[in-house]
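Below: the structure, in structure tokens.
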Amino acid sequence: MKVLVLGGGVVGVTSAWYLAQAGHEVTVIDRQPEAGMETSFANAGQVSPGYSAPWAGPGVPVKSVKWLMMAYRPFVFWPMPDPHLWKWLWQMLENCTTEAYDRNKGRMVRLAEYSRDVMCDLRKETGITYDDRQQGTLQVFRTQKQLDGAALDIAVLKQYQVPYEVLDREACVKAEPGLAEAAHKIVGGLRLPGDETGDAFKFTQTLAGMAAKAGVKFLYNTKIKQILSDNGRVTAVETSRGVMTADSYVLSLGSFSPALARPLGMDLPIYPVKGYSLTADITDAARAPVSTIMDETFKIGITRLGNRVRVGGTAELAGFSRRLRKPRRETLEHSVTDLFAGCCDVPGASFWTGLRPMTPDGTPIIGRTGLENLFLNTGHGTLGWTMACGSGRVLADIMSGKKPDIAYEDLNVFRYDLS
């Protein structure tokens with residue numbers, strides 16, 4: 001089967017890889033000059049199945065107001081006259097219940113755990129490297145209230161048999177020695193030993209090269225203008241290189257997926273949530289993190305990537321703006337210097353922003369659509385890197401007529417009312 005994959009980020013590239021491995025003829029189209037140049041470029045670097053959780057949850061509306069008032073804000077909101085934004089916010093509020101949170105986190109953990117296993121198999125089979133480490137994630141709590149509030153997440157971890165450890169202050173420092181000087185600022189942590197770290201951009205670029213050698217064709221610097229359809233099927237894709245056809249099509253354009261889907265009658269509930277990161281060279285390895293630290297107070301991840309530290313976080317609702325805002329940098333700088341003072345060259349760090357494609361329930365959209373030969377693999381939010389391999393494998397199985405290894409029916413777009 002001939003397949004066109006629209007999007008060359010980590011999700012599009014993994015989709016192409018597993019489709020090619022299943023024997024299909026695959027072409028990837030992307031507007032950028034290389035793979036992984038959008039949201040995959042400088043994300044937080046975490047492959048964190050155990051930390052997979054929807055942003056919508058009990059108490060989040062109240063918490064979000066408090067976050068807006070903080071000096072170092074984890075959440076920033078710029079009100080705009082955008083009906084898609086307000087509809088998405090309403091849908092997210094509808095998911096801020098205990099029942100919805102349990103359901104959404106459960107399916108996210110299911111997919112993310114599977115994805116981590118698929119990635120592990122990929123490493124073994126191909127030898128791919130990407131500054132990867134398999135040394136777990138440590139979520140640190142600065143208050144007892146935060147530690148007590150982890151009970152909801154722990155209940156889901158137990159349900160899906162995800163290994164975890166609740167650590168006191170001393171055990172946190174033992175797991176991450178670089179926290180020694182900041183130990184008095186935390187009360188404890190939740191360690192997820194099965195989580196991993198790595199450079200998503202390196203992974204995406206390397207896998208794209210491997211896919212090309214396996215026969216996947218990549219068309220970069222190619223703008224996708226519209227998807228053409230007739231009689232319940234996609235007939236072609238109009239691009240800056242002309243009209244392209246295939247037997248099946250995969251829409252994997254992250255935050256830009258809804259714009260192409262709306263003319264087809266699908267109002268995909270995906271909205272860009274802007275994130276920021278710093279990438280700094282390590283200056284004192286003994287003070288640097290061993291793996292990944294999640295700073296619960298500021299919702300920031302601090303990750304070791306070889307001889308660099310990646311600091312990523314912030315949720316900013318600002319439409320498709322790519323403006324680099326100084327206050328967001330200050331929040332990232334505060335978190336890393338507060339917990340790992342002197343570990344890296346913070347003043348010389350590169351500053352980046354990307355648009356995370358978020359769904360209201362946190363779960364990506366994978367699988368069939370109302371058009372017979374159009375498939376989706378999009379809406380992964382902050383977890384594109386974590387869920388990429390599993391999502392690509394599930395999609396390739398669905399498109400190949402093979403039953404995926406995990407339950408997948410609740411991942412498709414039909415869980416939403418798209419009218």
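Simple scheme: letters A, B, ... for chains in structure tokens order, numbers from 1 for residues in each chain, numbers from 1 for ligands in the order shown.
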
Got a sec to tell me which of segment 26-124 of chain A DSSP assigns to strand (DSSP E or B), as a PDB file with C-alpha atoms, in the first residue's frame?
ATOM      1  CA  VAL A  26       5.830   5.472   2.436  1.00  0.00           C
ATOM      2  CA  THR A  27       6.421   9.146   1.628  1.00  0.00           C
ATOM      3  CA  VAL A  28       6.729  11.836   4.323  1.00  0.00           C
ATOM      4  CA  ILE A  29       5.916  15.462   3.537  1.00  0.00           C
ATOM      5  CA  GLN A  46      11.691  12.939  28.931  1.00  0.00           C
ATOM      6  CA  VAL A  47      10.296   9.538  28.010  1.00  0.00           C
ATOM      7  CA  PHE A  75       0.676  28.622  33.376  1.00  0.00           C
ATOM      8  CA  VAL A  76       0.126  31.746  31.262  1.00  0.00           C
ATOM      9  CA  PHE A  77      -3.078  32.697  29.463  1.00  0.00           C
TER      10      PHE A  77
END

Residues of segment 252-274 of chain A within 8 Å of segment 87-100 of chain A: nearest atom pair and distance (Å, one decimal) for each, counting only C-alpha atoms, sorted by chain and number, as a Markdown table?
| residue | atom | partner | partner_atom | distance |
| --- | --- | --- | --- | --- |
| A:Pro269 | CA | A:Trp88 | CA | 6.2 |
| A:Ile270 | CA | A:Trp88 | CA | 7.3 |
| A:Tyr271 | CA | A:Trp88 | CA | 6.9 |

Val187 of chain A environment, 10 Å, only C-alpha atoms, sequence neighbours closer than 2 positions dropped, as an MDAnalysis selection string: chainID A and resid 140:147 167:170 172 183:185 189

Serialized selection, C-alpha atoms, as a compact mmCIF listing (two decimals), in the first residue's frame:
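Once written, out_31.txt looks like this:
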# COMPACT_ATOMS: atom_id res chain seq x y z
CA VAL A 140 10.14 16.35 43.66
CA PHE A 141 7.62 17.96 45.99
CA ARG A 142 8.37 21.17 47.83
CA THR A 143 5.32 20.90 50.14
CA GLN A 144 3.60 18.11 52.06
CA LYS A 145 0.33 19.01 50.30
CA GLN A 146 1.93 18.19 46.93
CA LEU A 147 3.23 14.88 48.25
CA LEU A 167 10.93 8.78 48.65
CA ASP A 168 11.71 10.97 51.64
CA ARG A 169 14.13 13.88 51.40
CA GLU A 170 17.24 11.79 52.05
CA CYS A 172 15.69 11.87 46.87
CA ALA A 183 17.56 19.20 50.01
CA HIS A 184 16.02 21.54 52.57
CA LYS A 185 13.72 22.93 49.85
CA GLY A 189 9.47 12.72 45.83

Polymer residues at most 7 Å from segment 101-109 of chain A, only C-alpha atoms, same-chain spacing of 6 or more positions, as a count of residues only: 12

Contacts of segment 286-294 of chain A at 10 Å (only C-alpha atoms; same-chain gap of 2+ positions) as a VMD selection string: chain A and resid 44 to 48 51 132 to 141 175 to 181 189 to 191 195 to 198 282 to 284 296 to 313 335 to 336 339 to 344

Store the residues picked out above in a file with C-alpha atoms, as a PDB file, in the first residue's frame.
ATOM      1  CA  ALA A  44      12.098  18.499  27.772  1.00  0.00           C
ATOM      2  CA  GLY A  45      13.831  15.248  26.799  1.00  0.00           C
ATOM      3  CA  GLN A  46      11.691  12.939  28.931  1.00  0.00           C
ATOM      4  CA  VAL A  47      10.296   9.538  28.010  1.00  0.00           C
ATOM      5  CA  SER A  48       8.033   9.381  31.030  1.00  0.00           C
ATOM      6  CA  TYR A  51       4.374  10.611  34.575  1.00  0.00           C
ATOM      7  CA  ASP A 132      19.554   8.205  25.961  1.00  0.00           C
ATOM      8  CA  ARG A 133      19.565   7.142  29.589  1.00  0.00           C
ATOM      9  CA  GLN A 134      17.407   4.563  31.339  1.00  0.00           C
ATOM     10  CA  GLN A 135      17.666   5.839  34.912  1.00  0.00           C
ATOM     11  CA  GLY A 136      14.145   6.863  35.834  1.00  0.00           C
ATOM     12  CA  THR A 137      12.354  10.108  36.656  1.00  0.00           C
ATOM     13  CA  LEU A 138      12.103  11.804  40.051  1.00  0.00           C
ATOM     14  CA  GLN A 139       9.185  14.130  40.726  1.00  0.00           C
ATOM     15  CA  VAL A 140      10.141  16.351  43.663  1.00  0.00           C
ATOM     16  CA  PHE A 141       7.617  17.958  45.988  1.00  0.00           C
ATOM     17  CA  ALA A 175      18.753   9.060  43.811  1.00  0.00           C
ATOM     18  CA  GLU A 176      19.883  12.493  42.570  1.00  0.00           C
ATOM     19  CA  PRO A 177      23.050  13.611  44.424  1.00  0.00           C
ATOM     20  CA  GLY A 178      22.974  16.986  42.707  1.00  0.00           C
ATOM     21  CA  LEU A 179      20.017  17.886  44.949  1.00  0.00           C
ATOM     22  CA  ALA A 180      22.184  17.797  48.089  1.00  0.00           C
ATOM     23  CA  GLU A 181      22.513  21.573  48.501  1.00  0.00           C
ATOM     24  CA  GLY A 189       9.466  12.724  45.834  1.00  0.00           C
ATOM     25  CA  LEU A 190       7.892  10.122  43.600  1.00  0.00           C
ATOM     26  CA  ARG A 191      10.430   8.103  41.618  1.00  0.00           C
ATOM     27  CA  ASP A 195      11.114   6.181  32.810  1.00  0.00           C
ATOM     28  CA  GLU A 196      13.871   7.260  30.412  1.00  0.00           C
ATOM     29  CA  THR A 197      15.478  10.361  28.940  1.00  0.00           C
ATOM     30  CA  GLY A 198      16.911  11.327  25.576  1.00  0.00           C
ATOM     31  CA  ILE A 282      27.154  21.230  32.033  1.00  0.00           C
ATOM     32  CA  THR A 283      29.883  23.027  33.995  1.00  0.00           C
ATOM     33  CA  ASP A 284      29.914  20.821  37.118  1.00  0.00           C
ATOM     34  CA  GLU A 296       6.161  19.899  40.802  1.00  0.00           C
ATOM     35  CA  THR A 297       5.794  23.486  41.991  1.00  0.00           C
ATOM     36  CA  PHE A 298       6.743  25.073  38.686  1.00  0.00           C
ATOM     37  CA  LYS A 299       5.806  22.104  36.441  1.00  0.00           C
ATOM     38  CA  ILE A 300       9.309  22.043  34.969  1.00  0.00           C
ATOM     39  CA  GLY A 301      11.453  19.120  33.869  1.00  0.00           C
ATOM     40  CA  ILE A 302      15.242  19.250  34.291  1.00  0.00           C
ATOM     41  CA  THR A 303      16.924  16.554  32.208  1.00  0.00           C
ATOM     42  CA  ARG A 304      20.467  15.309  31.659  1.00  0.00           C
ATOM     43  CA  LEU A 305      21.251  14.939  27.951  1.00  0.00           C
ATOM     44  CA  GLY A 306      24.862  13.817  27.640  1.00  0.00           C
ATOM     45  CA  ASN A 307      26.999  16.845  28.513  1.00  0.00           C
ATOM     46  CA  ARG A 308      23.994  19.187  28.460  1.00  0.00           C
ATOM     47  CA  VAL A 309      21.022  19.967  30.674  1.00  0.00           C
ATOM     48  CA  ARG A 310      17.593  20.572  29.155  1.00  0.00           C
ATOM     49  CA  VAL A 311      15.116  22.583  31.224  1.00  0.00           C
ATOM     50  CA  GLY A 312      11.591  22.485  29.839  1.00  0.00           C
ATOM     51  CA  GLY A 313       8.154  23.585  30.899  1.00  0.00           C
ATOM     52  CA  SER A 335      13.876  26.204  38.755  1.00  0.00           C
ATOM     53  CA  VAL A 336      17.228  24.835  37.602  1.00  0.00           C
ATOM     54  CA  LEU A 339      17.564  22.926  42.655  1.00  0.00           C
ATOM     55  CA  PHE A 340      20.902  22.439  40.867  1.00  0.00           C
ATOM     56  CA  ALA A 341      22.867  25.628  41.515  1.00  0.00           C
ATOM     57  CA  GLY A 342      26.108  25.818  39.523  1.00  0.00           C
ATOM     58  CA  CYS A 343      25.468  22.688  37.469  1.00  0.00           C
ATOM     59  CA  CYS A 344      25.410  24.320  34.054  1.00  0.00           C
TER      60      CYS A 344
END

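Compared by their closest atoms to Asn231 of chain A, and using only C-alpha atoms, the residues A:Gly370, A:Pro74, A:Pro364, A:Pro263 rank with A:Gly370 nearest.
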
Looking only at alpha helix (DSSP H) from DSSP on the backbone, list the matching residues of segment 178-409 of chain A as a PDB file with N, CA and C atoms, in the first residue's frame.
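Full text of result.pdb as output:
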ATOM      1  N   ALA A 200      15.030  14.117  21.772  1.00  0.00           N
ATOM      2  CA  ALA A 200      14.022  13.776  20.770  1.00  0.00           C
ATOM      3  C   ALA A 200      14.454  14.180  19.366  1.00  0.00           C
ATOM      4  N   PHE A 201      15.148  15.297  19.256  1.00  0.00           N
ATOM      5  CA  PHE A 201      15.599  15.756  17.935  1.00  0.00           C
ATOM      6  C   PHE A 201      16.624  14.786  17.352  1.00  0.00           C
ATOM      7  N   LYS A 202      17.599  14.372  18.169  1.00  0.00           N
ATOM      8  CA  LYS A 202      18.587  13.399  17.695  1.00  0.00           C
ATOM      9  C   LYS A 202      17.913  12.097  17.293  1.00  0.00           C
ATOM     10  N   PHE A 203      16.955  11.663  18.109  1.00  0.00           N
ATOM     11  CA  PHE A 203      16.226  10.438  17.802  1.00  0.00           C
ATOM     12  C   PHE A 203      15.498  10.556  16.469  1.00  0.00           C
ATOM     13  N   THR A 204      14.771  11.665  16.299  1.00  0.00           N
ATOM     14  CA  THR A 204      13.967  11.846  15.086  1.00  0.00           C
ATOM     15  C   THR A 204      14.852  11.915  13.847  1.00  0.00           C
ATOM     16  N   GLN A 205      15.939  12.662  13.930  1.00  0.00           N
ATOM     17  CA  GLN A 205      16.851  12.779  12.796  1.00  0.00           C
ATOM     18  C   GLN A 205      17.490  11.429  12.453  1.00  0.00           C
ATOM     19  N   THR A 206      17.920  10.713  13.477  1.00  0.00           N
ATOM     20  CA  THR A 206      18.570   9.419  13.242  1.00  0.00           C
ATOM     21  C   THR A 206      17.585   8.416  12.665  1.00  0.00           C
ATOM     22  N   LEU A 207      16.375   8.357  13.231  1.00  0.00           N
ATOM     23  CA  LEU A 207      15.380   7.407  12.733  1.00  0.00           C
ATOM     24  C   LEU A 207      14.947   7.765  11.317  1.00  0.00           C
ATOM     25  N   ALA A 208      14.877   9.065  11.005  1.00  0.00           N
ATOM     26  CA  ALA A 208      14.536   9.476   9.642  1.00  0.00           C
ATOM     27  C   ALA A 208      15.595   8.980   8.658  1.00  0.00           C
ATOM     28  N   GLY A 209      16.868   9.066   9.059  1.00  0.00           N
ATOM     29  CA  GLY A 209      17.937   8.550   8.208  1.00  0.00           C
ATOM     30  C   GLY A 209      17.832   7.054   8.013  1.00  0.00           C
ATOM     31  N   MET A 210      17.507   6.336   9.078  1.00  0.00           N
ATOM     32  CA  MET A 210      17.330   4.889   8.987  1.00  0.00           C
ATOM     33  C   MET A 210      16.127   4.539   8.113  1.00  0.00           C
ATOM     34  N   ALA A 211      15.059   5.325   8.253  1.00  0.00           N
ATOM     35  CA  ALA A 211      13.861   5.094   7.448  1.00  0.00           C
ATOM     36  C   ALA A 211      14.144   5.330   5.970  1.00  0.00           C
ATOM     37  N   ALA A 212      14.918   6.373   5.682  1.00  0.00           N
ATOM     38  CA  ALA A 212      15.273   6.658   4.283  1.00  0.00           C
ATOM     39  C   ALA A 212      16.043   5.484   3.670  1.00  0.00           C
ATOM     40  N   LYS A 213      16.960   4.905   4.461  1.00  0.00           N
ATOM     41  CA  LYS A 213      17.712   3.747   3.973  1.00  0.00           C
ATOM     42  C   LYS A 213      16.807   2.545   3.767  1.00  0.00           C
ATOM     43  N   SER A 257      -2.743  20.209  12.573  1.00  0.00           N
ATOM     44  CA  SER A 257      -3.664  19.200  12.034  1.00  0.00           C
ATOM     45  C   SER A 257      -5.093  19.716  11.885  1.00  0.00           C
ATOM     46  N   PRO A 258      -5.650  20.437  12.885  1.00  0.00           N
ATOM     47  CA  PRO A 258      -7.049  20.876  12.750  1.00  0.00           C
ATOM     48  C   PRO A 258      -7.326  21.727  11.519  1.00  0.00           C
ATOM     49  N   ALA A 259      -6.387  22.584  11.136  1.00  0.00           N
ATOM     50  CA  ALA A 259      -6.617  23.476   9.991  1.00  0.00           C
ATOM     51  C   ALA A 259      -6.831  22.688   8.704  1.00  0.00           C
ATOM     52  N   LEU A 260      -6.140  21.557   8.565  1.00  0.00           N
ATOM     53  CA  LEU A 260      -6.314  20.738   7.370  1.00  0.00           C
ATOM     54  C   LEU A 260      -7.538  19.833   7.477  1.00  0.00           C
ATOM     55  N   ALA A 261      -7.952  19.518   8.708  1.00  0.00           N
ATOM     56  CA  ALA A 261      -9.081  18.603   8.892  1.00  0.00           C
ATOM     57  C   ALA A 261     -10.438  19.299   8.801  1.00  0.00           C
ATOM     58  N   LYS A 326      10.741  36.814  27.812  1.00  0.00           N
ATOM     59  CA  LYS A 326      11.753  36.820  28.875  1.00  0.00           C
ATOM     60  C   LYS A 326      11.257  36.244  30.201  1.00  0.00           C
ATOM     61  N   PRO A 327      10.031  36.557  30.656  1.00  0.00           N
ATOM     62  CA  PRO A 327       9.563  35.989  31.928  1.00  0.00           C
ATOM     63  C   PRO A 327       9.529  34.466  31.923  1.00  0.00           C
ATOM     64  N   ARG A 328       9.288  33.858  30.755  1.00  0.00           N
ATOM     65  CA  ARG A 328       9.266  32.389  30.688  1.00  0.00           C
ATOM     66  C   ARG A 328      10.682  31.846  30.887  1.00  0.00           C
ATOM     67  N   ARG A 329      11.662  32.545  30.337  1.00  0.00           N
ATOM     68  CA  ARG A 329      13.053  32.134  30.552  1.00  0.00           C
ATOM     69  C   ARG A 329      13.414  32.234  32.030  1.00  0.00           C
ATOM     70  N   GLU A 330      12.954  33.289  32.654  1.00  0.00           N
ATOM     71  CA  GLU A 330      13.275  33.494  34.067  1.00  0.00           C
ATOM     72  C   GLU A 330      12.704  32.375  34.932  1.00  0.00           C
ATOM     73  N   THR A 331      11.529  31.867  34.577  1.00  0.00           N
ATOM     74  CA  THR A 331      10.942  30.750  35.322  1.00  0.00           C
ATOM     75  C   THR A 331      11.804  29.500  35.189  1.00  0.00           C
ATOM     76  N   LEU A 332      12.243  29.198  33.985  1.00  0.00           N
ATOM     77  CA  LEU A 332      13.097  28.033  33.755  1.00  0.00           C
ATOM     78  C   LEU A 332      14.420  28.186  34.497  1.00  0.00           C
ATOM     79  N   GLU A 333      14.992  29.360  34.407  1.00  0.00           N
ATOM     80  CA  GLU A 333      16.268  29.622  35.088  1.00  0.00           C
ATOM     81  C   GLU A 333      16.132  29.475  36.595  1.00  0.00           C
ATOM     82  N   HIS A 334      15.026  29.956  37.129  1.00  0.00           N
ATOM     83  CA  HIS A 334      14.820  29.879  38.576  1.00  0.00           C
ATOM     84  C   HIS A 334      14.762  28.426  39.043  1.00  0.00           C
ATOM     85  N   SER A 335      14.028  27.603  38.338  1.00  0.00           N
ATOM     86  CA  SER A 335      13.876  26.204  38.755  1.00  0.00           C
ATOM     87  C   SER A 335      15.208  25.474  38.763  1.00  0.00           C
ATOM     88  N   VAL A 336      15.976  25.593  37.685  1.00  0.00           N
ATOM     89  CA  VAL A 336      17.228  24.835  37.602  1.00  0.00           C
ATOM     90  C   VAL A 336      18.278  25.370  38.565  1.00  0.00           C
ATOM     91  N   THR A 337      18.352  26.691  38.735  1.00  0.00           N
ATOM     92  CA  THR A 337      19.353  27.241  39.655  1.00  0.00           C
ATOM     93  C   THR A 337      18.953  27.036  41.107  1.00  0.00           C
ATOM     94  N   ASP A 338      17.658  26.932  41.378  1.00  0.00           N
ATOM     95  CA  ASP A 338      17.189  26.717  42.737  1.00  0.00           C
ATOM     96  C   ASP A 338      17.460  25.286  43.207  1.00  0.00           C
ATOM     97  N   LEU A 339      17.365  24.330  42.293  1.00  0.00           N
ATOM     98  CA  LEU A 339      17.564  22.926  42.655  1.00  0.00           C
ATOM     99  C   LEU A 339      18.968  22.417  42.342  1.00  0.00           C
ATOM    100  N   GLY A 384       4.506  13.737  23.099  1.00  0.00           N
ATOM    101  CA  GLY A 384       4.808  13.199  21.771  1.00  0.00           C
ATOM    102  C   GLY A 384       6.034  12.305  21.774  1.00  0.00           C
ATOM    103  N   TRP A 385       7.057  12.727  22.480  1.00  0.00           N
ATOM    104  CA  TRP A 385       8.304  11.968  22.574  1.00  0.00           C
ATOM    105  C   TRP A 385       8.080  10.676  23.343  1.00  0.00           C
ATOM    106  N   THR A 386       7.314  10.766  24.435  1.00  0.00           N
ATOM    107  CA  THR A 386       7.035   9.592  25.253  1.00  0.00           C
ATOM    108  C   THR A 386       6.215   8.554  24.493  1.00  0.00           C
ATOM    109  N   MET A 387       5.242   9.003  23.717  1.00  0.00           N
ATOM    110  CA  MET A 387       4.286   8.094  23.085  1.00  0.00           C
ATOM    111  C   MET A 387       4.559   7.810  21.618  1.00  0.00           C
ATOM    112  N   ALA A 388       5.615   8.384  21.062  1.00  0.00           N
ATOM    113  CA  ALA A 388       5.820   8.324  19.610  1.00  0.00           C
ATOM    114  C   ALA A 388       5.946   6.908  19.068  1.00  0.00           C
ATOM    115  N   CYS A 389       6.829   6.108  19.631  1.00  0.00           N
ATOM    116  CA  CYS A 389       7.063   4.769  19.078  1.00  0.00           C
ATOM    117  C   CYS A 389       5.815   3.896  19.189  1.00  0.00           C
ATOM    118  N   GLY A 390       5.163   3.949  20.343  1.00  0.00           N
ATOM    119  CA  GLY A 390       3.956   3.155  20.515  1.00  0.00           C
ATOM    120  C   GLY A 390       2.843   3.605  19.591  1.00  0.00           C
ATOM    121  N   SER A 391       2.693   4.919  19.439  1.00  0.00           N
ATOM    122  CA  SER A 391       1.663   5.454  18.546  1.00  0.00           C
ATOM    123  C   SER A 391       1.910   5.029  17.111  1.00  0.00           C
ATOM    124  N   GLY A 392       3.178   5.123  16.680  1.00  0.00           N
ATOM    125  CA  GLY A 392       3.521   4.727  15.311  1.00  0.00           C
ATOM    126  C   GLY A 392       3.267   3.250  15.072  1.00  0.00           C
ATOM    127  N   ARG A 393       3.595   2.431  16.066  1.00  0.00           N
ATOM    128  CA  ARG A 393       3.385   0.991  15.931  1.00  0.00           C
ATOM    129  C   ARG A 393       1.900   0.638  15.907  1.00  0.00           C
ATOM    130  N   VAL A 394       1.121   1.246  16.792  1.00  0.00           N
ATOM    131  CA  VAL A 394      -0.322   1.007  16.815  1.00  0.00           C
ATOM    132  C   VAL A 394      -0.956   1.412  15.490  1.00  0.00           C
ATOM    133  N   LEU A 395      -0.579   2.592  14.995  1.00  0.00           N
ATOM    134  CA  LEU A 395      -1.140   3.067  13.735  1.00  0.00           C
ATOM    135  C   LEU A 395      -0.784   2.134  12.590  1.00  0.00           C
ATOM    136  N   ALA A 396       0.469   1.704  12.511  1.00  0.00           N
ATOM    137  CA  ALA A 396       0.890   0.810  11.434  1.00  0.00           C
ATOM    138  C   ALA A 396       0.125  -0.505  11.491  1.00  0.00           C
ATOM    139  N   ASP A 397      -0.127  -1.006  12.696  1.00  0.00           N
ATOM    140  CA  ASP A 397      -0.901  -2.247  12.831  1.00  0.00           C
ATOM    141  C   ASP A 397      -2.335  -2.048  12.338  1.00  0.00           C
ATOM    142  N   ILE A 398      -2.953  -0.933  12.747  1.00  0.00           N
ATOM    143  CA  ILE A 398      -4.329  -0.655  12.315  1.00  0.00           C
ATOM    144  C   ILE A 398      -4.402  -0.573  10.795  1.00  0.00           C
ATOM    145  N   MET A 399      -3.466   0.165  10.195  1.00  0.00           N
ATOM    146  CA  MET A 399      -3.493   0.357   8.745  1.00  0.00           C
ATOM    147  C   MET A 399      -3.134  -0.914   7.981  1.00  0.00           C
TER     148      MET A 399
END

Wanna dump the segment 279-393 of chain A-segment 241-250 of chain A contacts at 10 Å for me, each residue with its shortest atom pair and the distance in Å to one decimal, counting only C-alpha atoms, ordered by chain and number, as a tab-separated table?
residue	atom	partner	partner_atom	distance
A:Ile366	CA	A:Val250	CA	9.8
A:Gly367	CA	A:Val250	CA	9.1
A:Arg368	CA	A:Val250	CA	9.4
A:Glu372	CA	A:Ser248	CA	8.5
A:Asn373	CA	A:Ser248	CA	4.8
A:Leu374	CA	A:Tyr249	CA	4.9
A:Phe375	CA	A:Val250	CA	4.8
A:Leu376	CA	A:Val250	CA	5.6
A:Asn377	CA	A:Val250	CA	6.9
A:Thr378	CA	A:Val250	CA	9.4

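Counting only C-alpha atoms and comparing A:Pro360, A:Pro272, A:Gly348, A:Gly36, the residue that lies closest to Ser321 of chain A is A:Pro272.
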
Residue neighbourhood Trp352 of chain A, 8 Å, only C-alpha atoms, exclusion window fewer than 2 positions, as JSON, numbers by chain: {"A": [42, 276, 277, 278, 324, 350, 354]}

Take the selection from the previous step and output its residues with N, CA and C atoms, as a compact mmCIF listing (two decimals), in the first residue's frame.
# COMPACT_ATOMS: atom_id res chain seq x y z
N ALA A 42 13.42 20.75 20.61
CA ALA A 42 14.10 20.97 21.89
C ALA A 42 13.13 20.80 23.06
N TYR A 276 8.35 26.10 26.59
CA TYR A 276 9.68 26.71 26.45
C TYR A 276 10.74 25.76 26.98
N SER A 277 11.96 25.94 26.50
CA SER A 277 13.07 25.17 27.07
C SER A 277 14.37 25.96 27.02
N LEU A 278 15.27 25.59 27.91
CA LEU A 278 16.66 26.05 27.90
C LEU A 278 17.54 24.83 27.69
N LEU A 324 9.49 34.55 21.91
CA LEU A 324 10.25 34.13 23.09
C LEU A 324 10.12 35.21 24.16
N SER A 350 20.78 28.19 25.38
CA SER A 350 19.91 28.53 24.26
C SER A 350 18.46 28.47 24.73
N GLY A 354 8.16 25.94 21.53
CA GLY A 354 7.47 25.07 20.59
C GLY A 354 6.00 24.96 20.95

For Asp30 of chain A, the nearest of the candidates A:Pro347, A:Pro83, A:Gly188, A:Gly254, counting only C-alpha atoms: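 Of A:Pro347, A:Pro83, A:Gly188, A:Gly254, the one nearest Asp30 of chain A is A:Gly254, counting only C-alpha atoms.
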
Pick from A:Ala182, A:Val162, A:Val346, A:Leu68 nearest to Leu317 of chain A, counting only C-alpha atoms: A:Leu68

One-decimal distance in Å that lies between atom CA of Leu6 of chain A and atom CA of Ala35 of chain A: 11.8 Å

Residue nearest Ser15 of chain A - candidates A:Arg356, A:Ile406, A:Val216, A:Arg31, atoms counted: only C-alpha atoms: A:Val216
